[in-house]
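Structure below is data.cif: mmCIF, C-alpha atoms.
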data_run
loop_
_atom_site.label_atom_id
_atom_site.label_comp_id
_atom_site.auth_asym_id
_atom_site.auth_seq_id
_atom_site.Cartn_x
_atom_site.Cartn_y
_atom_site.Cartn_z
CA MET S 1 -132.36 53.47 -33.01
CA ALA S 2 -133.92 54.39 -29.70
CA GLU S 3 -131.43 52.16 -28.02
CA HIS S 4 -128.66 54.12 -29.65
CA ALA S 5 -130.02 57.40 -28.32
CA ALA S 6 -130.16 55.92 -24.87
CA ASN S 7 -126.57 54.78 -25.28
CA ALA S 8 -125.58 58.29 -26.25
CA GLU S 9 -127.23 59.62 -23.11
CA HIS S 10 -125.48 57.09 -21.03
CA GLY S 11 -122.15 57.77 -22.70
CA ALA S 12 -122.49 61.49 -22.04
CA THR S 13 -123.28 60.90 -18.39
CA HIS S 14 -120.41 58.54 -18.05
CA ALA S 15 -117.96 60.91 -19.70
CA GLY S 16 -119.14 63.80 -17.51
CA THR S 17 -118.56 61.94 -14.30
CA GLU S 18 -115.18 60.57 -15.26
CA ALA S 19 -113.40 63.21 -17.30
CA PRO S 20 -114.86 65.66 -19.87
CA GLY S 21 -114.30 64.47 -23.42
CA GLY S 22 -112.84 61.12 -22.46
CA GLY S 23 -114.18 57.62 -22.00
CA HIS S 24 -116.64 57.56 -24.92
CA ASP S 25 -117.91 54.24 -26.03
CA ASN S 26 -120.05 56.00 -28.66
CA ALA S 27 -118.98 57.90 -31.74
CA PHE S 28 -118.21 61.59 -31.44
CA PRO S 29 -121.68 63.05 -32.20
CA PRO S 30 -120.75 65.04 -35.32
CA PHE S 31 -119.19 61.92 -36.81
CA ASP S 32 -122.06 59.66 -35.77
CA ALA S 33 -123.40 58.35 -39.07
CA THR S 34 -126.77 57.24 -37.72
CA HIS S 35 -128.24 60.71 -38.28
CA PHE S 36 -126.48 61.52 -41.52
CA ALA S 37 -129.41 60.52 -43.72
CA SER S 38 -132.02 62.54 -41.84
CA GLN S 39 -129.67 65.52 -41.56
CA PHE S 40 -128.90 65.39 -45.26
CA VAL S 41 -132.57 65.10 -46.22
CA TRP S 42 -133.58 68.01 -44.00
CA LEU S 43 -130.63 70.07 -45.15
CA ALA S 44 -131.61 69.44 -48.77
CA ILE S 45 -135.21 70.41 -48.06
CA THR S 46 -134.44 73.55 -46.07
CA PHE S 47 -131.55 74.78 -48.19
CA GLY S 48 -133.43 73.99 -51.39
CA LEU S 49 -136.43 75.95 -50.16
CA LEU S 50 -134.18 78.80 -49.05
CA TYR S 51 -132.46 78.87 -52.45
CA LEU S 52 -135.79 78.96 -54.25
CA LEU S 53 -137.15 81.74 -52.04
CA MET S 54 -133.98 83.78 -52.33
CA SER S 55 -133.45 83.40 -56.07
CA ARG S 56 -137.12 83.73 -57.06
CA ILE S 57 -138.45 86.33 -54.62
CA ALA S 58 -136.09 87.96 -52.17
CA LEU S 59 -133.06 88.79 -54.30
CA PRO S 60 -134.97 90.15 -57.34
CA ARG S 61 -137.03 92.21 -54.93
CA VAL S 62 -133.97 93.69 -53.23
CA ALA S 63 -132.41 94.29 -56.64
CA ASN S 64 -135.54 96.18 -57.67
CA ILE S 65 -135.55 98.21 -54.46
CA LEU S 66 -131.92 99.18 -55.01
CA LYS S 67 -132.53 99.98 -58.68
CA ASP S 68 -135.61 102.10 -57.84
CA ARG S 69 -133.65 103.96 -55.24
CA GLY S 70 -130.76 104.49 -57.63
CA ASP S 71 -133.17 105.82 -60.29
CA ARG S 72 -134.91 108.02 -57.76
CA VAL S 73 -131.65 109.44 -56.48
CA ALA S 74 -130.42 110.04 -60.03
CA ALA S 75 -133.70 111.76 -60.93
CA ASP S 76 -133.54 113.88 -57.79
CA VAL S 77 -129.95 114.82 -58.51
CA ASP S 78 -130.90 115.78 -62.06
CA ALA S 79 -133.83 117.85 -60.77
CA ALA S 80 -131.59 119.53 -58.24
CA ARG S 81 -129.04 120.30 -60.95
CA ALA S 82 -131.75 121.74 -63.20
CA ALA S 83 -133.09 123.82 -60.32
CA GLN S 84 -129.60 125.06 -59.62
CA GLU S 85 -129.11 126.05 -63.25
CA LYS S 86 -132.46 127.84 -63.18
CA ALA S 87 -131.51 129.65 -60.01
CA GLU S 88 -128.19 130.64 -61.59
CA ALA S 89 -129.99 131.98 -64.66
CA ALA S 90 -132.42 133.88 -62.44
CA ARG S 91 -129.47 135.34 -60.56
CA VAL S 92 -127.81 136.49 -63.78
CA GLU S 93 -131.09 137.98 -64.97
CA HIS S 94 -131.59 139.67 -61.64
CA ASP S 95 -128.06 141.09 -61.74
CA ARG S 96 -128.68 142.38 -65.22
CA THR S 97 -131.96 144.14 -64.32
CA LEU S 98 -130.33 145.52 -61.20
CA ALA S 99 -127.45 146.94 -63.21
CA GLU S 100 -129.89 148.37 -65.72
CA ALA S 101 -131.99 149.97 -63.00
CA LYS S 102 -128.85 151.36 -61.42
CA ALA S 103 -127.66 152.87 -64.69
CA HIS S 104 -131.11 154.29 -65.31
CA ALA S 105 -131.27 155.79 -61.83
CA GLN S 106 -127.82 157.26 -62.30
CA ALA S 107 -128.79 158.84 -65.62
CA LEU S 108 -131.95 160.20 -64.06
CA GLY S 109 -129.99 161.65 -61.16
CA GLN S 110 -127.45 163.20 -63.50
CA GLU S 111 -130.16 164.78 -65.57
CA ALA S 112 -131.95 166.18 -62.55
CA HIS S 113 -128.67 167.47 -61.23
CA GLN S 114 -127.82 169.17 -64.49
CA GLN S 115 -131.28 170.68 -64.77
CA LEU S 116 -131.14 172.01 -61.25
CA ALA S 117 -127.66 173.37 -61.83
CA ALA S 118 -128.76 175.12 -65.01
CA GLU S 119 -131.81 176.57 -63.27
CA SER S 120 -129.85 177.87 -60.32
CA ASP S 121 -127.22 179.22 -62.69
CA ALA S 122 -129.85 181.14 -64.64
CA LYS S 123 -131.37 182.49 -61.43
CA ARG S 124 -127.99 183.54 -60.20
CA LYS S 125 -127.19 185.27 -63.46
CA ALA S 126 -130.49 187.14 -63.44
CA LEU S 127 -129.93 188.19 -59.87
CA GLU S 128 -126.39 189.28 -60.65
CA SER S 129 -127.40 191.39 -63.61
CA ASP S 130 -130.22 192.93 -61.58
CA LEU S 131 -127.82 193.71 -58.82
CA ASN S 132 -125.29 195.10 -61.28
CA ALA S 133 -127.98 197.40 -62.72
CA LYS S 134 -128.90 198.60 -59.26
CA LEU S 135 -125.24 199.08 -58.47
CA ALA S 136 -124.76 201.17 -61.61
CA VAL S 137 -127.75 203.35 -60.70
CA ALA S 138 -126.43 203.80 -57.20
CA ASP S 139 -122.96 204.66 -58.57
CA ALA S 140 -124.46 207.27 -60.89
CA GLN S 141 -126.42 208.73 -58.00
CA ILE S 142 -123.29 208.86 -55.88
CA ALA S 143 -121.35 210.63 -58.64
CA ASP S 144 -124.17 213.08 -59.14
CA MET S 145 -124.41 213.80 -55.44
CA LYS S 146 -120.67 214.14 -55.29
CA ALA S 147 -120.63 216.66 -58.16
CA LYS S 148 -123.39 218.62 -56.55
CA ALA S 149 -121.61 218.57 -53.27
CA MET S 150 -118.41 219.66 -54.94
CA SER S 151 -120.13 222.65 -56.61
CA ASN S 152 -121.61 223.62 -53.26
CA VAL S 153 -118.12 223.48 -51.74
CA GLU S 154 -116.86 225.94 -54.39
CA SER S 155 -119.53 228.56 -53.69
CA ILE S 156 -119.04 228.21 -49.93
CA ALA S 157 -115.28 228.60 -50.36
CA ARG S 158 -115.76 231.65 -52.54
CA ASP S 159 -118.15 233.27 -50.02
CA ALA S 160 -115.82 232.42 -47.16
CA ALA S 161 -112.80 233.79 -49.03
CA MET S 162 -114.63 237.03 -49.88
CA ALA S 163 -115.71 237.42 -46.24
CA ILE S 164 -112.18 236.76 -45.03
CA VAL S 165 -110.67 239.27 -47.50
CA GLU S 166 -113.25 241.89 -46.58
CA GLN S 167 -112.59 241.35 -42.93
CA ILE S 168 -108.83 241.70 -43.39
CA THR S 169 -108.67 244.53 -45.92
CA GLY S 170 -111.80 246.23 -44.88
CA LYS S 171 -113.01 246.60 -48.41
CA ALA S 172 -114.91 244.31 -50.74
CA ALA S 173 -112.77 241.82 -52.56
CA ASP S 174 -112.64 241.40 -56.29
CA PRO S 175 -114.84 238.35 -57.02
CA GLU S 176 -112.87 237.56 -60.19
CA LYS S 177 -109.56 237.37 -58.40
CA ILE S 178 -111.14 235.11 -55.75
CA ALA S 179 -112.52 232.80 -58.41
CA ALA S 180 -109.09 232.57 -60.08
CA ALA S 181 -107.44 231.81 -56.76
CA LEU S 182 -109.95 229.14 -55.98
CA ALA S 183 -109.54 227.56 -59.35
CA SER S 184 -105.80 227.41 -58.89
CA ALA S 185 -106.25 225.95 -55.37
CA THR S 186 -108.61 223.22 -56.43
CA LYS S 187 -106.40 222.38 -59.39
CA ALA S 188 -103.42 221.95 -57.14
CA MET A 189 -127.01 64.65 -11.59
CA ALA A 190 -127.43 63.55 -15.15
CA ALA A 191 -128.43 67.06 -16.26
CA GLU A 192 -125.41 68.57 -14.55
CA ALA A 193 -123.08 66.06 -16.11
CA GLN A 194 -124.56 66.84 -19.52
CA ALA A 195 -124.02 70.54 -18.88
CA ILE A 196 -120.38 69.92 -18.05
CA ASN A 197 -119.74 67.54 -20.92
CA PRO A 198 -118.76 69.88 -23.78
CA ILE A 199 -119.61 67.30 -26.43
CA HIS A 200 -123.19 66.83 -25.36
CA GLN A 201 -124.32 69.97 -27.19
CA PHE A 202 -123.62 68.29 -30.55
CA THR A 203 -125.76 65.21 -29.98
CA ILE A 204 -128.74 64.87 -32.25
CA ASN A 205 -132.02 63.93 -30.62
CA ARG A 206 -134.59 62.59 -32.99
CA LEU A 207 -137.12 62.60 -30.17
CA TYR A 208 -138.87 65.73 -31.47
CA ASP A 209 -140.68 63.91 -34.21
CA LEU A 210 -140.18 60.41 -35.49
CA ARG A 211 -140.62 59.86 -39.19
CA VAL A 212 -139.43 56.89 -41.15
CA GLY A 213 -139.98 56.50 -44.85
CA GLY A 214 -137.77 53.64 -46.00
CA LEU A 215 -134.94 55.90 -44.96
CA ASP A 216 -134.55 57.44 -41.53
CA VAL A 217 -135.62 61.04 -42.02
CA SER A 218 -136.60 61.83 -38.47
CA PHE A 219 -137.22 65.40 -37.55
CA SER A 220 -134.46 66.01 -35.04
CA ASN A 221 -133.17 69.04 -33.20
CA ALA A 222 -130.82 69.56 -36.15
CA SER A 223 -133.79 69.64 -38.55
CA LEU A 224 -135.62 71.97 -36.19
CA PHE A 225 -132.76 74.44 -36.24
CA MET A 226 -132.47 74.21 -40.03
CA VAL A 227 -136.13 75.23 -40.16
CA ILE A 228 -135.49 78.00 -37.62
CA ILE A 229 -132.59 79.24 -39.77
CA ILE A 230 -134.61 79.49 -42.94
CA LEU A 231 -137.48 81.10 -41.02
CA ALA A 232 -135.04 83.69 -39.68
CA VAL A 233 -133.64 84.30 -43.17
CA MET A 234 -137.16 84.56 -44.56
CA ALA A 235 -138.05 87.08 -41.85
CA LEU A 236 -135.04 89.14 -42.88
CA MET A 237 -135.13 88.79 -46.65
CA LEU A 238 -138.87 88.40 -47.34
CA LEU A 239 -140.76 90.10 -44.51
CA GLY A 240 -138.06 92.72 -44.09
CA THR A 241 -138.20 93.75 -47.74
CA SER A 242 -141.96 93.41 -48.23
CA GLY A 243 -142.45 97.16 -47.72
CA ARG A 244 -140.13 97.96 -50.65
CA HIS A 245 -139.35 101.28 -49.00
CA ILE A 246 -137.33 103.88 -50.85
CA VAL A 247 -136.07 104.98 -47.45
CA PRO A 248 -135.47 101.57 -45.87
CA THR A 249 -136.59 100.39 -42.47
CA ARG A 250 -133.94 98.89 -40.22
CA VAL A 251 -134.66 95.31 -41.26
CA GLN A 252 -134.79 96.27 -44.94
CA ALA A 253 -131.51 98.13 -44.56
CA LEU A 254 -130.00 94.96 -43.09
CA ALA A 255 -131.36 92.87 -45.98
CA GLU A 256 -129.97 95.36 -48.50
CA MET A 257 -126.65 95.37 -46.70
CA ALA A 258 -126.45 91.56 -46.92
CA TYR A 259 -127.38 91.73 -50.61
CA GLU A 260 -124.83 94.38 -51.47
CA PHE A 261 -122.13 92.73 -49.40
CA VAL A 262 -122.48 89.38 -51.15
CA ALA A 263 -122.99 91.05 -54.54
CA SER A 264 -119.76 93.03 -54.16
CA THR A 265 -117.93 89.88 -53.08
CA VAL A 266 -119.24 87.94 -56.08
CA LYS A 267 -118.42 90.76 -58.50
CA GLY A 268 -115.04 91.28 -56.88
CA THR A 269 -113.92 87.67 -57.32
CA MET A 270 -115.77 86.58 -60.48
CA GLY A 271 -116.59 89.80 -62.27
CA ALA A 272 -120.04 90.74 -63.61
CA GLU A 273 -120.32 87.35 -65.30
CA GLY A 274 -120.24 85.68 -61.89
CA MET A 275 -123.55 87.28 -60.96
CA ARG A 276 -125.28 84.17 -62.39
CA PHE A 277 -124.06 82.38 -59.26
CA PHE A 278 -125.12 85.22 -57.01
CA PRO A 279 -128.35 83.60 -55.71
CA PHE A 280 -126.45 80.43 -54.90
CA VAL A 281 -123.59 82.20 -53.12
CA PHE A 282 -126.03 84.44 -51.30
CA SER A 283 -128.14 81.51 -50.08
CA LEU A 284 -125.03 79.69 -48.96
CA PHE A 285 -123.64 82.74 -47.16
CA ILE A 286 -126.88 83.71 -45.45
CA PHE A 287 -127.63 80.12 -44.42
CA ILE A 288 -124.19 79.57 -42.90
CA LEU A 289 -124.09 83.00 -41.28
CA THR A 290 -127.52 82.53 -39.71
CA ALA A 291 -126.66 78.98 -38.64
CA ASN A 292 -123.45 80.19 -36.99
CA LEU A 293 -125.14 83.09 -35.23
CA ILE A 294 -128.21 81.15 -34.09
CA GLY A 295 -125.89 78.36 -32.93
CA LEU A 296 -124.25 80.86 -30.58
CA LEU A 297 -127.49 81.44 -28.68
CA PRO A 298 -127.47 79.58 -25.36
CA THR A 299 -129.03 76.10 -25.58
CA ALA A 300 -129.34 76.43 -29.36
CA PHE A 301 -128.12 73.68 -31.66
CA SER A 302 -125.35 74.62 -34.07
CA VAL A 303 -126.15 73.20 -37.49
CA THR A 304 -122.73 74.09 -38.92
CA SER A 305 -120.99 72.09 -36.19
CA GLN A 306 -122.07 68.94 -38.03
CA ILE A 307 -119.49 67.70 -40.54
CA LEU A 308 -122.27 66.29 -42.69
CA VAL A 309 -123.79 69.74 -43.18
CA THR A 310 -120.54 71.50 -44.04
CA PHE A 311 -119.38 68.61 -46.20
CA SER A 312 -122.69 68.60 -48.09
CA PHE A 313 -122.24 72.29 -48.80
CA ALA A 314 -118.64 71.76 -49.90
CA ILE A 315 -119.62 68.89 -52.20
CA LEU A 316 -122.43 71.04 -53.58
CA VAL A 317 -119.95 73.81 -54.37
CA ILE A 318 -117.33 71.55 -55.93
CA GLY A 319 -120.01 69.59 -57.80
CA LEU A 320 -121.32 72.85 -59.21
CA VAL A 321 -117.79 73.91 -60.18
CA ILE A 322 -117.18 70.63 -62.01
CA LEU A 323 -120.59 70.48 -63.71
CA TYR A 324 -120.58 74.12 -64.78
CA GLY A 325 -116.92 73.92 -65.82
CA PHE A 326 -117.54 71.00 -68.19
CA TYR A 327 -120.87 72.44 -69.35
CA ARG A 328 -119.29 75.75 -70.19
CA HIS A 329 -115.85 74.72 -71.49
CA GLY A 330 -116.17 71.01 -72.23
CA VAL A 331 -112.81 69.28 -72.07
CA GLY A 332 -111.22 72.73 -71.98
CA PHE A 333 -112.15 72.82 -68.32
CA LEU A 334 -109.26 70.44 -67.70
CA LYS A 335 -106.91 73.33 -68.54
CA LEU A 336 -107.56 74.22 -64.91
CA PHE A 337 -105.01 71.58 -63.98
CA VAL A 338 -102.44 72.69 -66.57
CA PRO A 339 -101.05 76.12 -65.78
CA HIS A 340 -99.98 77.57 -69.14
CA GLY A 341 -96.51 78.89 -69.75
CA VAL A 342 -94.96 76.09 -67.71
CA PRO A 343 -92.38 73.75 -69.33
CA LEU A 344 -93.35 70.10 -69.81
CA PRO A 345 -91.02 68.52 -67.20
CA VAL A 346 -92.45 70.80 -64.54
CA LEU A 347 -95.98 69.97 -65.67
CA VAL A 348 -95.40 66.31 -64.90
CA VAL A 349 -95.00 67.28 -61.26
CA LEU A 350 -97.39 70.21 -61.28
CA VAL A 351 -100.49 68.58 -62.78
CA PRO A 352 -100.84 65.90 -60.06
CA ILE A 353 -100.35 68.61 -57.44
CA GLU A 354 -103.06 70.72 -59.05
CA ILE A 355 -105.41 67.72 -59.16
CA ILE A 356 -104.74 66.85 -55.52
CA SER A 357 -105.23 70.46 -54.45
CA PHE A 358 -108.51 70.56 -56.39
CA LEU A 359 -109.73 67.35 -54.82
CA SER A 360 -108.76 68.51 -51.34
CA ARG A 361 -110.82 71.64 -51.71
CA PRO A 362 -114.12 70.15 -50.50
CA ILE A 363 -112.32 68.68 -47.51
CA SER A 364 -110.59 71.91 -46.50
CA LEU A 365 -113.72 73.93 -47.23
CA SER A 366 -115.95 71.75 -45.05
CA VAL A 367 -113.47 71.00 -42.27
CA ARG A 368 -112.54 74.68 -41.89
CA LEU A 369 -116.12 75.70 -41.13
CA PHE A 370 -116.97 72.60 -39.12
CA ALA A 371 -113.80 72.72 -37.00
CA ASN A 372 -114.07 76.44 -36.27
CA ILE A 373 -117.64 76.19 -35.05
CA LEU A 374 -117.08 72.92 -33.22
CA ALA A 375 -113.92 74.13 -31.46
CA GLY A 376 -115.54 77.42 -30.49
CA HIS A 377 -118.55 75.70 -28.97
CA ILE A 378 -116.44 73.16 -27.14
CA THR A 379 -114.27 75.94 -25.71
CA LEU A 380 -117.32 77.87 -24.53
CA ALA A 381 -118.79 74.71 -22.96
CA VAL A 382 -115.50 73.82 -21.27
CA PHE A 383 -115.28 77.24 -19.67
CA GLY A 384 -118.93 76.98 -18.70
CA GLY A 385 -118.06 73.67 -17.07
CA PHE A 386 -115.24 75.40 -15.16
CA VAL A 387 -117.73 77.89 -13.77
CA LEU A 388 -120.04 75.09 -12.63
CA MET A 389 -117.21 73.05 -11.10
CA LEU A 390 -115.77 76.06 -9.26
CA ILE A 391 -119.17 76.99 -7.86
CA GLY A 392 -119.50 73.49 -6.48
CA ALA A 393 -115.96 73.50 -5.00
CA GLY A 394 -116.53 75.27 -1.68
CA ALA A 395 -114.03 78.06 -1.08
CA TRP A 396 -112.78 77.86 -4.63
CA SER A 397 -116.12 79.19 -5.83
CA ILE A 398 -114.67 82.67 -5.31
CA LEU A 399 -112.67 82.06 -8.50
CA SER A 400 -115.74 81.17 -10.55
CA PRO A 401 -116.14 84.66 -12.12
CA ILE A 402 -112.78 84.24 -13.88
CA PRO A 403 -113.89 81.60 -16.41
CA LEU A 404 -117.16 83.50 -16.68
CA LEU A 405 -115.21 86.56 -17.86
CA ALA A 406 -113.28 84.29 -20.20
CA ILE A 407 -116.59 83.09 -21.65
CA THR A 408 -117.59 86.69 -22.30
CA ALA A 409 -114.36 87.35 -24.19
CA LEU A 410 -114.58 84.03 -26.05
CA TYR A 411 -118.17 84.73 -26.98
CA ALA A 412 -117.12 87.97 -28.66
CA LEU A 413 -114.44 86.03 -30.52
CA GLU A 414 -116.98 83.39 -31.52
CA LEU A 415 -119.27 86.10 -32.93
CA LEU A 416 -116.35 87.22 -35.08
CA VAL A 417 -115.60 83.63 -36.09
CA ALA A 418 -119.26 83.03 -36.94
CA CYS A 419 -119.33 85.96 -39.37
CA LEU A 420 -115.81 85.42 -40.65
CA GLN A 421 -116.30 81.72 -41.43
CA ALA A 422 -119.52 82.42 -43.32
CA PHE A 423 -117.64 85.07 -45.29
CA VAL A 424 -114.66 82.78 -45.88
CA PHE A 425 -116.95 80.02 -47.11
CA ALA A 426 -118.69 82.44 -49.49
CA VAL A 427 -115.41 83.90 -50.77
CA LEU A 428 -113.88 80.48 -51.37
CA THR A 429 -117.06 79.41 -53.14
CA CYS A 430 -116.65 82.45 -55.40
CA VAL A 431 -112.97 81.66 -56.00
CA TYR A 432 -113.74 78.04 -56.92
CA LEU A 433 -116.67 79.02 -59.13
CA ASN A 434 -114.36 81.50 -60.81
CA ASP A 435 -112.25 78.52 -61.87
CA ALA A 436 -115.34 77.11 -63.56
CA LEU A 437 -115.87 80.41 -65.36
CA HIS A 438 -112.25 81.00 -66.30
CA PRO A 439 -110.31 77.72 -66.12
CA GLY A 440 -107.18 79.08 -67.84
CA HIS A 441 -105.10 80.61 -65.04
#
Any chance you could put this one into structure tokens?
Amino acid sequence: MAEHAANAEHGATHAGTEAPGGGHDNAFPPFDATHFASQFVWLAITFGLLYLLMSRIALPRVANILKDRGDRVAADVDAARAAQEKAEAARVEHDRTLAEAKAHAQALGQEAHQQLAAESDAKRKALESDLNAKLAVADAQIADMKAKAMSNVESIARDAAMAIVEQITGKAADPEKIAAALASATKA
Amino acid sequence: MAAEAQAINPIHQFTINRLYDLRVGGLDVSFSNASLFMVIIILAVMALMLLGTSGRHIVPTRVQALAEMAYEFVASTVKGTMGAEGMRFFPFVFSLFIFILTANLIGLLPTAFSVTSQILVTFSFAILVIGLVILYGFYRHGVGFLKLFVPHGVPLPVLVVLVPIEIISFLSRPISLSVRLFANILAGHITLAVFGGFVLMLIGAGAWSILSPIPLLAITALYALELLVACLQAFVFAVLTCVYLNDALHPGH
């Protein structure tokens, strides 16, 4: 066996110095059957051990990891979906209360507006009627003053007419004739 | 001189040295560099699949993410070719895939030994797969498993020709399965070593050493290709395993 290995060494050296790949007196190493038994035994041992470790420990473990992760992700997705639904419900509820509050505020505003309008209307009406009353009093006063003034005008005119007639004719005028003339003048 | 010649000889990298540990028990079961790398492979896989997942994180660490990726990749391949029923073979296909993938990738490290460049290793895997197909096929379907070789809906005269072809194609499966992986890895490593040899020879060739970066660049490109081949061949092996096992599950075409 050792001799064979030495031969292989020698063969390799020989081949290298002459021409690569040529001039082998030994078998091509992969086809060299001397090591087949030991290779096969070690392959069986190592691959058998690997198969056992993989099938018993590693692969079930990885399968569990993947399953756990899948479950976790599914649970998280479900939770997220539930949270989203809750948020949506809260939004609807919020919208509803907002609309309610808005309507309430509007009603309140309307009411206040109407009340204020009614109040100001009443005030205005009171003021108007007050003013109208004052106006009527003032009108009456004006008419009274006017009548008085007019009667004063008549007596002044009569006096003036009598003075004018007396001046022109030189004798006192007839007060009745003057009054008649005045009446006809004012009528005209 | 001898070391340099070994470096240039592209075949040297496949030699098995049993000088690491000598053990004989009736049979020669020495612990060689091949055995050492088999151990390294399963240690690497254990680091990924056992240590990496020991945290059982909901939000995975990088190593755990890699382990999960490998799991889901193989699981989807198995389900894709065999359906949910094929998941009973999932541990087997996964072990096969991860072993071959790790062997291919570790084999690409400089000075590392490539376990899958040994025909015995790939052929053992292929025989294991075909053996499992045959055993499970007969266990599950009894003689009905032989329907695999008789495509239904084919007239009798055609069957006379077709059945031997089907049998030959079935029997050639372990050969094609093992040689495909073995030859890909072997050829890739030889090519890399040959170009490495070019670099060495050019460096030692006086003025010509100015050309030595050219094969070095070629090695870089080839190495990228070999990384692809390493992953692709592991995947191809796993997919074909699934396809063949599918025959055991559903022998009627």
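Contact shell of Asp159 (chain S) at 12 Å (all atoms listed in the file; same-chain neighbours under 4 positions omitted): Asn152, Val153, Glu154, Ser155, Ala163, Ile164, Val165, Glu166, Ala172, Ala173, Asp174, Pro175, Ile178, Ala179 and Leu182 of chain S.
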- Task: Tell me which residues the PyMOL selection byres ((chain A) within 7 of (chain S)) grabs here, as a ChimeraX atom specification.
- Result: /A:190,193-194,196-200,202-203,216-218,222-223,226-227,230,237-238,241,244,246,256,279-280,283,306-308
- Query: What does the PyMOL selection byres ((chain A and resi 221) around 8) select in this file, as a VMD selection string?
  - Reply: chain A and resid 204 to 206 208 219 to 220 222 to 225 301
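Within 12 Å of the point (-112.4, 82.5, -15.3), and counting only C-alpha atoms, the protein, DNA and RNA residues are Leu380, Val382, Phe383, Gly384, Gly385, Phe386, Val387, Leu388, Met389, Leu390, Ile391, Trp396, Ser397, Ile398, Leu399, Ser400, Pro401, Ile402, Pro403, Leu404, Leu405, Ala406, Ile407, Thr408, Ala409 and Leu410 of chain A.
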- Between A:Leu289, A:Leu369, A:Ile318, A:Ile363, which is the closest to Asp435 (chain A) once you count all atoms listed in the file? A:Ile318
